[in-house]
$ cat input_22.cif   # mmCIF, C-alpha atoms and all ligand atoms
data_final
#
loop_
_atom_site.group_PDB
_atom_site.id
_atom_site.type_symbol
_atom_site.label_atom_id
_atom_site.label_comp_id
_atom_site.auth_asym_id
_atom_site.auth_seq_id
_atom_site.Cartn_x
_atom_site.Cartn_y
_atom_site.Cartn_z
ATOM 1 C CA MET A 29 -52.033 -20.274 -17.461
ATOM 2 C CA ILE A 30 -49.932 -17.337 -18.546
ATOM 3 C CA LYS A 31 -47.802 -18.504 -21.460
ATOM 4 C CA VAL A 32 -44.813 -16.278 -22.146
ATOM 5 C CA VAL A 33 -43.742 -17.083 -25.665
ATOM 6 C CA GLY A 34 -40.508 -16.003 -27.356
ATOM 7 C CA ILE A 35 -41.087 -15.060 -30.989
ATOM 8 C CA GLY A 36 -37.433 -14.771 -31.982
ATOM 9 C CA PRO A 37 -35.825 -11.736 -33.623
ATOM 10 C CA GLY A 38 -38.812 -10.897 -35.839
ATOM 11 C CA SER A 39 -38.982 -12.830 -39.102
ATOM 12 C CA LYS A 40 -41.514 -15.654 -39.177
ATOM 13 C CA GLU A 41 -38.732 -18.018 -40.284
ATOM 14 C CA TYR A 42 -37.086 -17.675 -36.876
ATOM 15 C CA ILE A 43 -40.034 -18.595 -34.651
ATOM 16 C CA LEU A 44 -40.121 -22.106 -33.137
ATOM 17 C CA PRO A 45 -43.040 -24.340 -34.267
ATOM 18 C CA ILE A 46 -44.238 -24.774 -30.643
ATOM 19 C CA ALA A 47 -44.320 -20.983 -30.174
ATOM 20 C CA LYS A 48 -46.270 -20.591 -33.410
ATOM 21 C CA LYS A 49 -48.773 -23.239 -32.256
ATOM 22 C CA GLU A 50 -49.300 -21.578 -28.854
ATOM 23 C CA ILE A 51 -49.829 -18.193 -30.516
ATOM 24 C CA GLU A 52 -52.256 -19.555 -33.123
ATOM 25 C CA ASN A 53 -54.317 -21.346 -30.438
ATOM 26 C CA ALA A 54 -54.399 -18.401 -28.017
ATOM 27 C CA LYS A 55 -57.771 -16.924 -27.157
ATOM 28 C CA ILE A 56 -56.194 -13.837 -25.619
ATOM 29 C CA LEU A 57 -52.963 -12.541 -27.117
ATOM 30 C CA VAL A 58 -50.721 -9.832 -25.663
ATOM 31 C CA GLY A 59 -47.708 -8.447 -27.531
ATOM 32 C CA GLY A 60 -46.003 -5.487 -29.153
ATOM 33 C CA LYS A 61 -47.952 -3.818 -31.964
ATOM 34 C CA ARG A 62 -45.704 -5.268 -34.657
ATOM 35 C CA ALA A 63 -45.925 -8.793 -33.227
ATOM 36 C CA LEU A 64 -49.727 -8.539 -33.001
ATOM 37 C CA ALA A 65 -49.907 -7.353 -36.617
ATOM 38 C CA ASP A 66 -47.727 -10.266 -37.737
ATOM 39 C CA PHE A 67 -49.084 -13.112 -35.617
ATOM 40 C CA SER A 68 -52.640 -12.473 -34.369
ATOM 41 C CA ASN A 69 -55.816 -13.717 -36.061
ATOM 42 C CA GLU A 70 -59.335 -12.292 -36.187
ATOM 43 C CA ASN A 71 -60.705 -14.749 -33.577
ATOM 44 C CA GLN A 72 -58.412 -13.484 -30.836
ATOM 45 C CA ILE A 73 -58.805 -10.786 -28.221
ATOM 46 C CA THR A 74 -55.592 -8.757 -28.395
ATOM 47 C CA PHE A 75 -53.882 -6.294 -26.081
ATOM 48 C CA PRO A 76 -50.889 -4.225 -27.261
ATOM 49 C CA ILE A 77 -47.838 -3.818 -25.024
ATOM 50 C CA THR A 78 -46.811 -0.152 -25.066
ATOM 51 C CA LYS A 79 -44.626 1.892 -22.716
ATOM 52 C CA ASP A 80 -47.388 1.384 -20.155
ATOM 53 C CA ILE A 81 -45.995 -1.929 -18.877
ATOM 54 C CA ASP A 82 -48.125 -1.766 -15.720
ATOM 55 C CA GLY A 83 -51.203 -1.521 -17.947
ATOM 56 C CA ALA A 84 -50.168 -4.773 -19.650
ATOM 57 C CA ILE A 85 -49.666 -6.473 -16.258
ATOM 58 C CA GLU A 86 -53.131 -5.288 -15.153
ATOM 59 C CA PHE A 87 -54.640 -6.728 -18.338
ATOM 60 C CA ILE A 88 -52.861 -10.065 -17.762
ATOM 61 C CA LYS A 89 -54.161 -10.073 -14.137
ATOM 62 C CA LYS A 90 -57.705 -10.046 -15.492
ATOM 63 C CA ASN A 91 -56.953 -12.962 -17.832
ATOM 64 C CA THR A 92 -54.585 -15.250 -15.920
ATOM 65 C CA ASP A 93 -56.478 -18.425 -16.849
ATOM 66 C CA ASP A 94 -55.714 -18.366 -20.526
ATOM 67 C CA VAL A 95 -53.400 -15.739 -21.993
ATOM 68 C CA VAL A 96 -50.409 -15.834 -24.319
ATOM 69 C CA VAL A 97 -47.833 -13.060 -23.998
ATOM 70 C CA MET A 98 -45.477 -12.667 -26.954
ATOM 71 C CA VAL A 99 -42.027 -11.210 -26.320
ATOM 72 C CA SER A 100 -39.201 -10.641 -28.776
ATOM 73 C CA GLY A 101 -36.202 -12.969 -28.870
ATOM 74 C CA ASP A 102 -36.021 -15.287 -25.860
ATOM 75 C CA PRO A 103 -38.193 -14.527 -22.796
ATOM 76 C CA GLY A 104 -35.241 -15.259 -20.498
ATOM 77 C CA TYR A 105 -33.123 -12.395 -21.788
ATOM 78 C CA TYR A 106 -34.497 -8.957 -20.825
ATOM 79 C CA SER A 107 -38.209 -9.266 -21.524
ATOM 80 C CA LEU A 108 -41.568 -8.778 -19.820
ATOM 81 C CA LEU A 109 -40.924 -12.127 -18.099
ATOM 82 C CA ASP A 110 -39.015 -10.199 -15.370
ATOM 83 C CA LYS A 111 -42.219 -8.351 -14.411
ATOM 84 C CA ILE A 112 -44.471 -11.361 -14.902
ATOM 85 C CA ILE A 113 -42.567 -13.551 -12.418
ATOM 86 C CA LYS A 114 -42.800 -10.732 -9.853
ATOM 87 C CA ASN A 115 -46.567 -10.453 -10.275
ATOM 88 C CA PHE A 116 -47.787 -14.021 -10.680
ATOM 89 C CA PRO A 117 -47.153 -17.372 -8.961
ATOM 90 C CA LYS A 118 -44.592 -19.588 -10.690
ATOM 91 C CA ASP A 119 -47.036 -22.444 -11.197
ATOM 92 C CA LYS A 120 -49.260 -20.142 -13.268
ATOM 93 C CA ILE A 121 -46.495 -19.369 -15.792
ATOM 94 C CA ILE A 122 -45.216 -21.393 -18.742
ATOM 95 C CA VAL A 123 -42.236 -20.095 -20.736
ATOM 96 C CA ILE A 124 -41.733 -21.095 -24.365
ATOM 97 C CA PRO A 125 -38.203 -20.185 -25.463
ATOM 98 C CA GLY A 126 -37.295 -18.236 -28.561
ATOM 99 C CA ILE A 127 -34.149 -17.446 -30.509
ATOM 100 C CA SER A 128 -32.510 -14.375 -29.033
ATOM 101 C CA SER A 129 -31.311 -11.528 -31.258
ATOM 102 C CA LEU A 130 -27.888 -12.103 -29.669
ATOM 103 C CA GLN A 131 -27.811 -15.735 -30.819
ATOM 104 C CA VAL A 132 -28.561 -14.684 -34.395
ATOM 105 C CA ALA A 133 -25.858 -11.997 -34.301
ATOM 106 C CA PHE A 134 -23.194 -14.455 -33.085
ATOM 107 C CA ALA A 135 -24.317 -16.925 -35.759
ATOM 108 C CA ARG A 136 -23.870 -14.269 -38.456
ATOM 109 C CA LEU A 137 -20.197 -13.938 -37.424
ATOM 110 C CA ASN A 138 -19.689 -17.738 -37.182
ATOM 111 C CA LEU A 139 -18.608 -16.983 -33.625
ATOM 112 C CA PRO A 140 -19.213 -19.213 -30.556
ATOM 113 C CA TRP A 141 -20.742 -17.233 -27.693
ATOM 114 C CA HIS A 142 -20.019 -19.557 -24.734
ATOM 115 C CA HIS A 143 -17.210 -17.251 -23.544
ATOM 116 C CA ALA A 144 -18.959 -14.005 -24.421
ATOM 117 C CA LYS A 145 -20.082 -11.495 -21.830
ATOM 118 C CA LEU A 146 -23.681 -10.575 -22.670
ATOM 119 C CA LEU A 147 -24.808 -7.080 -21.720
ATOM 120 C CA SER A 148 -27.891 -4.960 -22.199
ATOM 121 C CA PHE A 149 -27.846 -1.200 -22.716
ATOM 122 C CA HIS A 150 -31.565 -1.310 -23.497
ATOM 123 C CA GLY A 151 -32.967 1.065 -20.867
ATOM 124 C CA ARG A 152 -30.155 0.209 -18.427
ATOM 125 C CA ILE A 153 -26.407 0.517 -18.047
ATOM 126 C CA PRO A 154 -24.213 -2.500 -17.220
ATOM 127 C CA LYS A 155 -21.855 -2.440 -14.234
ATOM 128 C CA ASP A 156 -18.368 -0.968 -14.804
ATOM 129 C CA ASP A 157 -16.582 -4.285 -14.251
ATOM 130 C CA GLU A 158 -18.715 -5.912 -16.935
ATOM 131 C CA MET A 159 -17.583 -3.374 -19.545
ATOM 132 C CA ILE A 160 -13.907 -3.117 -18.637
ATOM 133 C CA PHE A 161 -11.308 -4.347 -21.167
ATOM 134 C CA GLU A 162 -9.812 -7.806 -20.631
ATOM 135 C CA GLU A 163 -7.605 -9.775 -23.014
ATOM 136 C CA ASN A 164 -9.725 -12.105 -25.254
ATOM 137 C CA LYS A 165 -13.001 -10.729 -23.858
ATOM 138 C CA ILE A 166 -15.959 -10.841 -26.265
ATOM 139 C CA LEU A 167 -19.008 -8.633 -25.687
ATOM 140 C CA GLY A 168 -22.520 -9.167 -27.065
ATOM 141 C CA MET A 169 -24.792 -6.185 -26.401
ATOM 142 C CA LEU A 170 -28.381 -5.024 -26.805
ATOM 143 C CA THR A 171 -28.614 -1.295 -27.525
ATOM 144 C CA ASP A 172 -31.262 1.424 -27.531
ATOM 145 C CA ASN A 173 -31.663 5.012 -28.770
ATOM 146 C CA LEU A 174 -29.640 6.564 -25.976
ATOM 147 C CA TYR A 175 -26.945 3.908 -25.769
ATOM 148 C CA ASN A 176 -26.407 3.586 -29.515
ATOM 149 C CA SER A 177 -23.297 2.429 -31.429
ATOM 150 C CA LYS A 178 -21.490 5.777 -31.066
ATOM 151 C CA LYS A 179 -22.132 6.135 -27.333
ATOM 152 C CA ILE A 180 -21.192 2.512 -26.595
ATOM 153 C CA ALA A 181 -17.931 2.868 -28.568
ATOM 154 C CA GLU A 182 -17.076 5.959 -26.478
ATOM 155 C CA VAL A 183 -17.874 4.111 -23.256
ATOM 156 C CA LEU A 184 -15.744 1.065 -24.167
ATOM 157 C CA LEU A 185 -12.756 3.203 -25.241
ATOM 158 C CA ASN A 186 -12.936 4.821 -21.783
ATOM 159 C CA PHE A 187 -12.874 1.340 -20.257
ATOM 160 C CA GLY A 188 -9.527 0.521 -21.909
ATOM 161 C CA TRP A 189 -10.627 -1.230 -25.101
ATOM 162 C CA LYS A 190 -8.214 -0.735 -28.026
ATOM 163 C CA LYS A 191 -9.182 1.525 -30.927
ATOM 164 C CA ASN A 192 -8.863 -1.198 -33.592
ATOM 165 C CA THR A 193 -11.077 -3.774 -31.816
ATOM 166 C CA ASN A 194 -13.714 -5.269 -34.156
ATOM 167 C CA PHE A 195 -17.113 -3.684 -33.608
ATOM 168 C CA THR A 196 -19.999 -5.207 -35.602
ATOM 169 C CA VAL A 197 -23.451 -3.647 -35.505
ATOM 170 C CA PHE A 198 -26.563 -5.629 -36.485
ATOM 171 C CA GLU A 199 -29.856 -3.965 -37.375
ATOM 172 C CA ARG A 200 -33.209 -5.649 -38.103
ATOM 173 C CA LEU A 201 -31.794 -9.137 -37.660
ATOM 174 C CA SER A 202 -33.660 -11.879 -39.548
ATOM 175 C CA TYR A 203 -35.700 -9.422 -41.650
ATOM 176 C CA GLU A 204 -35.141 -8.989 -45.390
ATOM 177 C CA ASP A 205 -33.557 -5.596 -44.790
ATOM 178 C CA GLU A 206 -31.158 -6.902 -42.121
ATOM 179 C CA LYS A 207 -28.032 -4.725 -42.033
ATOM 180 C CA VAL A 208 -24.579 -5.649 -40.736
ATOM 181 C CA THR A 209 -21.929 -2.962 -40.288
ATOM 182 C CA ASN A 210 -18.390 -4.200 -39.676
ATOM 183 C CA THR A 211 -16.256 -1.479 -38.185
ATOM 184 C CA THR A 212 -13.849 -0.754 -35.318
ATOM 185 C CA LEU A 213 -14.338 0.933 -31.966
ATOM 186 C CA GLU A 214 -12.583 4.113 -33.124
ATOM 187 C CA GLU A 215 -14.534 4.288 -36.411
ATOM 188 C CA ALA A 216 -17.837 3.690 -34.612
ATOM 189 C CA LYS A 217 -17.051 6.531 -32.214
ATOM 190 C CA ASN A 218 -16.571 8.875 -35.177
ATOM 191 C CA SER A 219 -19.538 7.661 -37.260
ATOM 192 C CA ALA A 220 -23.268 8.345 -37.197
ATOM 193 C CA PRO A 221 -25.009 6.511 -34.343
ATOM 194 C CA ILE A 222 -26.956 3.302 -35.003
ATOM 195 C CA SER A 223 -29.759 2.647 -32.490
ATOM 196 C CA CYS A 224 -31.741 -0.364 -31.279
ATOM 197 C CA GLY A 225 -29.665 -3.245 -32.559
ATOM 198 C CA VAL A 226 -27.090 -5.750 -31.414
ATOM 199 C CA ILE A 227 -23.357 -5.044 -31.202
ATOM 200 C CA ILE A 228 -20.597 -7.627 -30.943
ATOM 201 C CA VAL A 229 -17.121 -6.526 -29.881
ATOM 202 C CA TYR A 230 -14.309 -9.005 -30.427
ATOM 203 C CA ASN A 231 -10.771 -9.617 -31.587
ATOM 204 C CA GLU A 232 -9.956 -12.175 -34.288
ATOM 205 C CA VAL A 233 -9.307 -15.643 -32.862
HETATM 206 C C1 LIG B 301 -36.320 -5.548 -24.778
HETATM 207 S S1 LIG B 301 -34.886 -6.133 -25.573
HETATM 208 C C2 LIG B 301 -35.421 -7.749 -25.949
HETATM 209 C C3 LIG B 301 -34.319 -8.762 -26.152
HETATM 210 C C4 LIG B 301 -34.889 -10.121 -26.531
HETATM 211 N N1 LIG B 301 -35.505 -10.772 -25.379
HETATM 212 C C5 LIG B 301 -33.862 -11.065 -27.141
HETATM 213 O O1 LIG B 301 -33.611 -12.149 -26.601
HETATM 214 O O2 LIG B 301 -33.332 -10.715 -28.218
HETATM 215 C C6 LIG B 301 -34.971 -5.292 -27.122
HETATM 216 C C7 LIG B 301 -33.604 -5.181 -27.779
HETATM 217 O O3 LIG B 301 -33.288 -6.412 -28.425
HETATM 218 C C8 LIG B 301 -32.521 -6.169 -29.588
HETATM 219 N N2 LIG B 301 -33.243 -6.727 -30.738
HETATM 220 C C9 LIG B 301 -34.417 -7.404 -30.702
HETATM 221 N N3 LIG B 301 -34.756 -7.814 -31.947
HETATM 222 C C10 LIG B 301 -33.770 -7.395 -32.780
HETATM 223 C C11 LIG B 301 -33.536 -7.525 -34.188
HETATM 224 N N4 LIG B 301 -34.386 -8.161 -34.987
HETATM 225 N N5 LIG B 301 -32.409 -6.972 -34.709
HETATM 226 C C12 LIG B 301 -31.519 -6.337 -33.904
HETATM 227 N N6 LIG B 301 -31.695 -6.170 -32.564
HETATM 228 C C13 LIG B 301 -32.803 -6.702 -32.020
HETATM 229 C C14 LIG B 301 -32.304 -4.663 -29.663
HETATM 230 O O4 LIG B 301 -31.114 -4.371 -28.955
HETATM 231 C C15 LIG B 301 -33.500 -4.140 -28.880
HETATM 232 O O5 LIG B 301 -33.259 -2.841 -28.391
#
$ encode --input "input_22.cif" --output "structure tokens"
Amino acid sequence: MIKVVGIGPGSKEYILPIAKKEIENAKILVGGKRALADFSNENQITFPITKDIDGAIEFIKKNTDDVVVMVSGDPGYYSLLDKIIKNFPKDKIIVIPGISSLQVAFARLNLPWHHAKLLSFHGRIPKDDEMIFEENKILGMLTDNLYNSKKIAEVLLNFGWKKNTNFTVFERLSYEDEKVTNTTLEEAKNSAPISCGVIIVYNEV
């Protein structure tokens, strides 16, 4: 089986016990370099996921009987699972959920996320109608180097969001050096960019 295991936002405190068990018992472990450094043991064959995603899929193809693939956060939200379900039959795949970085960010603000629009700017751009301003709309977003805090603030202001809308940027969620920056759309547009984190855009309820 190919087990796709969510490891949560990064800190070992945020990984589910069942995910930890699957990872510990894996004979063959695939994952990002940081995840392999944190979670692999000396008895395992490991394969690092790099930018060469097709290389990782080829490696998994050679080991479909017994391989554990670690992905950050939850596998169901923008992870290698997208590619895995396109390349392997469904009955060969088992998904173990993890805590998404977005869930942790909403928790930090004590904010329910059932009404939030979740978007990813990580290597993609959401559709215009997903970004457009609407009264009481809450956005939860993944970011990357290109679409960082500054760029996203510019984009949202162009889509009709008001300058004083709350704009909170989360870096290194769950780690000891986690950083939370509470600002507004206008301030974020005029400040140094923050890359590869989570941003929540909301008005006080
Ligand atoms: C490929 S996506 C993976 C999302 C993941 N499946 C999830 O549920 O969180 C990578 C993006 O997730 C976000 N991310 C993952 N871990 C994070 C963390 N510890 N702190 C802040 N953002 C994080 C960043 O936006 C990063 O660019």
$ closest_residue --input "input_22.cif" --among "A:Thr193, A:Ser223, A:Ser129, A:Asn210" --to "Lys179 of chain A" --atoms "only C-alpha atoms"
A:Ser223
$ atom_distance --input "input_22.cif" --atom1 "atom CA of Lys207 of chain A" --atom2 "atom CA of Ser107 of chain A"
23.3 Å
$ residues_around --input "input_22.cif" --residues "segment 79-93 of chain A" --least-positions-apart "5" --cutoff "10 Å" --atoms "only C-alpha atoms" --output "JSON list (two decimals) with C-alpha atoms, in the coordinates of the input"
[["chain", "number", "residue", "atom", "x", "y", "z"],
["A", 29, "MET", "CA", -52.03, -20.27, -17.46],
["A", 30, "ILE", "CA", -49.93, -17.34, -18.55],
["A", 31, "LYS", "CA", -47.80, -18.50, -21.46],
["A", 56, "ILE", "CA", -56.19, -13.84, -25.62],
["A", 57, "LEU", "CA", -52.96, -12.54, -27.12],
["A", 58, "VAL", "CA", -50.72, -9.83, -25.66],
["A", 59, "GLY", "CA", -47.71, -8.45, -27.53],
["A", 60, "GLY", "CA", -46.00, -5.49, -29.15],
["A", 108, "LEU", "CA", -41.57, -8.78, -19.82],
["A", 111, "LYS", "CA", -42.22, -8.35, -14.41],
["A", 112, "ILE", "CA", -44.47, -11.36, -14.90],
["A", 115, "ASN", "CA", -46.57, -10.45, -10.28],
["A", 116, "PHE", "CA", -47.79, -14.02, -10.68],
["A", 120, "LYS", "CA", -49.26, -20.14, -13.27],
["A", 121, "ILE", "CA", -46.50, -19.37, -15.79]]
$ axis_aligned_box --input "input_22.cif" --around "ligand LIG 301 (chain B)" --padding-each-side "8 Å" --output "AutoDock Vina command-line options"
--center_x -33.7 --center_y -7.5 --center_z -29.9 --size_x 21.2 --size_y 25.3 --size_z 26.2
$ resolve_selection --input "input_22.cif" --expression "the PyMOL selection byres (((chain A and resi 145) around 6) and not hetatm)" --output "PDB file with C-alpha atoms, in the frame of the given file"
ATOM      1  CA  ALA A 144     -18.959 -14.005 -24.421  1.00  0.00           C
ATOM      2  CA  LEU A 146     -23.681 -10.575 -22.670  1.00  0.00           C
ATOM      3  CA  LEU A 167     -19.008  -8.633 -25.687  1.00  0.00           C
TER       4      LEU A 167
END
$ residues_near_point --input "input_22.cif" --point "(-55.4, -12.5, -29.6)" --cutoff "10 Å" --atoms "all atoms listed in the file" --output "list of chain:residue names"
A:Ile51, A:Glu52, A:Asn53, A:Ala54, A:Lys55, A:Ile56, A:Leu57, A:Val58, A:Gly59, A:Leu64, A:Phe67, A:Ser68, A:Asn69, A:Glu70, A:Asn71, A:Gln72, A:Ile73, A:Thr74, A:Phe75, A:Pro76, A:Val95, A:Val96, A:Val97
$ closest_residue --input "input_22.cif" --among "A:Ser202, A:Asn164, A:Asn176, A:Thr209" --to "ligand LIG 301 (chain B)" --atoms "all atoms listed in the file"
A:Ser202
$ residues_near_ligand --input "input_22.cif" --ligand "ligand LIG 301 (chain B)" --cutoff "7 Å" --atoms "only C-alpha atoms and all ligand atoms" --output "MDAnalysis selection string"
chainID A and resid 36:38 99:107 127:130 150 170:172 198:203 224:226
$ write_last_selection --input "input_22.cif" --atoms "C-alpha atoms" --output "compact mmCIF listing (two decimals), keeping the file's coordinate frame"
# COMPACT_ATOMS: atom_id res chain seq x y z
CA GLY A 36 -37.43 -14.77 -31.98
CA PRO A 37 -35.83 -11.74 -33.62
CA GLY A 38 -38.81 -10.90 -35.84
CA VAL A 99 -42.03 -11.21 -26.32
CA SER A 100 -39.20 -10.64 -28.78
CA GLY A 101 -36.20 -12.97 -28.87
CA ASP A 102 -36.02 -15.29 -25.86
CA PRO A 103 -38.19 -14.53 -22.80
CA GLY A 104 -35.24 -15.26 -20.50
CA TYR A 105 -33.12 -12.40 -21.79
CA TYR A 106 -34.50 -8.96 -20.82
CA SER A 107 -38.21 -9.27 -21.52
CA ILE A 127 -34.15 -17.45 -30.51
CA SER A 128 -32.51 -14.38 -29.03
CA SER A 129 -31.31 -11.53 -31.26
CA LEU A 130 -27.89 -12.10 -29.67
CA HIS A 150 -31.56 -1.31 -23.50
CA LEU A 170 -28.38 -5.02 -26.80
CA THR A 171 -28.61 -1.30 -27.52
CA ASP A 172 -31.26 1.42 -27.53
CA PHE A 198 -26.56 -5.63 -36.48
CA GLU A 199 -29.86 -3.96 -37.38
CA ARG A 200 -33.21 -5.65 -38.10
CA LEU A 201 -31.79 -9.14 -37.66
CA SER A 202 -33.66 -11.88 -39.55
CA TYR A 203 -35.70 -9.42 -41.65
CA CYS A 224 -31.74 -0.36 -31.28
CA GLY A 225 -29.66 -3.24 -32.56
CA VAL A 226 -27.09 -5.75 -31.41
$ closest_residue --input "input_22.cif" --among "A:Ala181, A:Ile228, A:Ile77, A:Ile113" --to "Leu213 of chain A" --atoms "all atoms listed in the file"
A:Ala181
$ closest_residue --input "input_22.cif" --among "A:Lys178, A:Pro125, A:Asn138, A:Phe187" --to "Ala220 of chain A" --atoms "all atoms listed in the file"
A:Lys178
$ decode --input "input_22.cif" --residues "segment 102-141 of chain A" --atoms "C-alpha atoms" --output "PDB file, in the first residue's frame"
ATOM      1  CA  ASP A 102      -3.158  17.548   5.821  1.00  0.00           C
ATOM      2  CA  PRO A 103      -2.751  15.443   2.645  1.00  0.00           C
ATOM      3  CA  GLY A 104      -6.152  16.629   1.399  1.00  0.00           C
ATOM      4  CA  TYR A 105      -5.132  20.268   1.126  1.00  0.00           C
ATOM      5  CA  TYR A 106      -2.600  20.913  -1.669  1.00  0.00           C
ATOM      6  CA  SER A 107      -0.107  18.088  -1.267  1.00  0.00           C
ATOM      7  CA  LEU A 108       1.525  15.305  -3.271  1.00  0.00           C
ATOM      8  CA  LEU A 109      -1.748  13.383  -2.835  1.00  0.00           C
ATOM      9  CA  ASP A 110      -3.056  15.174  -5.979  1.00  0.00           C
ATOM     10  CA  LYS A 111      -0.337  13.504  -8.082  1.00  0.00           C
ATOM     11  CA  ILE A 112      -0.526  10.188  -6.254  1.00  0.00           C
ATOM     12  CA  ILE A 113      -4.245   9.681  -6.965  1.00  0.00           C
ATOM     13  CA  LYS A 114      -3.570  10.387 -10.656  1.00  0.00           C
ATOM     14  CA  ASN A 115      -0.810   7.779 -10.808  1.00  0.00           C
ATOM     15  CA  PHE A 116      -2.037   4.910  -8.653  1.00  0.00           C
ATOM     16  CA  PRO A 117      -5.303   2.980  -8.216  1.00  0.00           C
ATOM     17  CA  LYS A 118      -7.478   4.166  -5.330  1.00  0.00           C
ATOM     18  CA  ASP A 119      -7.443   0.796  -3.590  1.00  0.00           C
ATOM     19  CA  LYS A 120      -3.646   1.004  -3.315  1.00  0.00           C
ATOM     20  CA  ILE A 121      -3.742   4.291  -1.365  1.00  0.00           C
ATOM     21  CA  ILE A 122      -4.412   4.953   2.316  1.00  0.00           C
ATOM     22  CA  VAL A 123      -4.571   8.555   3.559  1.00  0.00           C
ATOM     23  CA  ILE A 124      -3.801   9.404   7.179  1.00  0.00           C
ATOM     24  CA  PRO A 125      -4.967  12.947   7.936  1.00  0.00           C
ATOM     25  CA  GLY A 126      -2.893  15.650   9.555  1.00  0.00           C
ATOM     26  CA  ILE A 127      -3.491  19.073  11.049  1.00  0.00           C
ATOM     27  CA  SER A 128      -3.338  21.673   8.307  1.00  0.00           C
ATOM     28  CA  SER A 129      -1.306  24.863   8.738  1.00  0.00           C
ATOM     29  CA  LEU A 130      -4.577  26.705   8.043  1.00  0.00           C
ATOM     30  CA  GLN A 131      -6.316  25.007  10.978  1.00  0.00           C
ATOM     31  CA  VAL A 132      -3.517  26.058  13.326  1.00  0.00           C
ATOM     32  CA  ALA A 133      -3.627  29.647  12.047  1.00  0.00           C
ATOM     33  CA  PHE A 134      -7.398  29.931  12.611  1.00  0.00           C
ATOM     34  CA  ALA A 135      -6.947  28.416  16.077  1.00  0.00           C
ATOM     35  CA  ARG A 136      -4.335  31.055  16.935  1.00  0.00           C
ATOM     36  CA  LEU A 137      -6.946  33.768  16.238  1.00  0.00           C
ATOM     37  CA  ASN A 138      -9.715  31.906  18.141  1.00  0.00           C
ATOM     38  CA  LEU A 139     -11.607  32.152  14.862  1.00  0.00           C
ATOM     39  CA  PRO A 140     -14.032  29.530  13.448  1.00  0.00           C
ATOM     40  CA  TRP A 141     -13.190  28.676   9.840  1.00  0.00           C
TER      41      TRP A 141
END
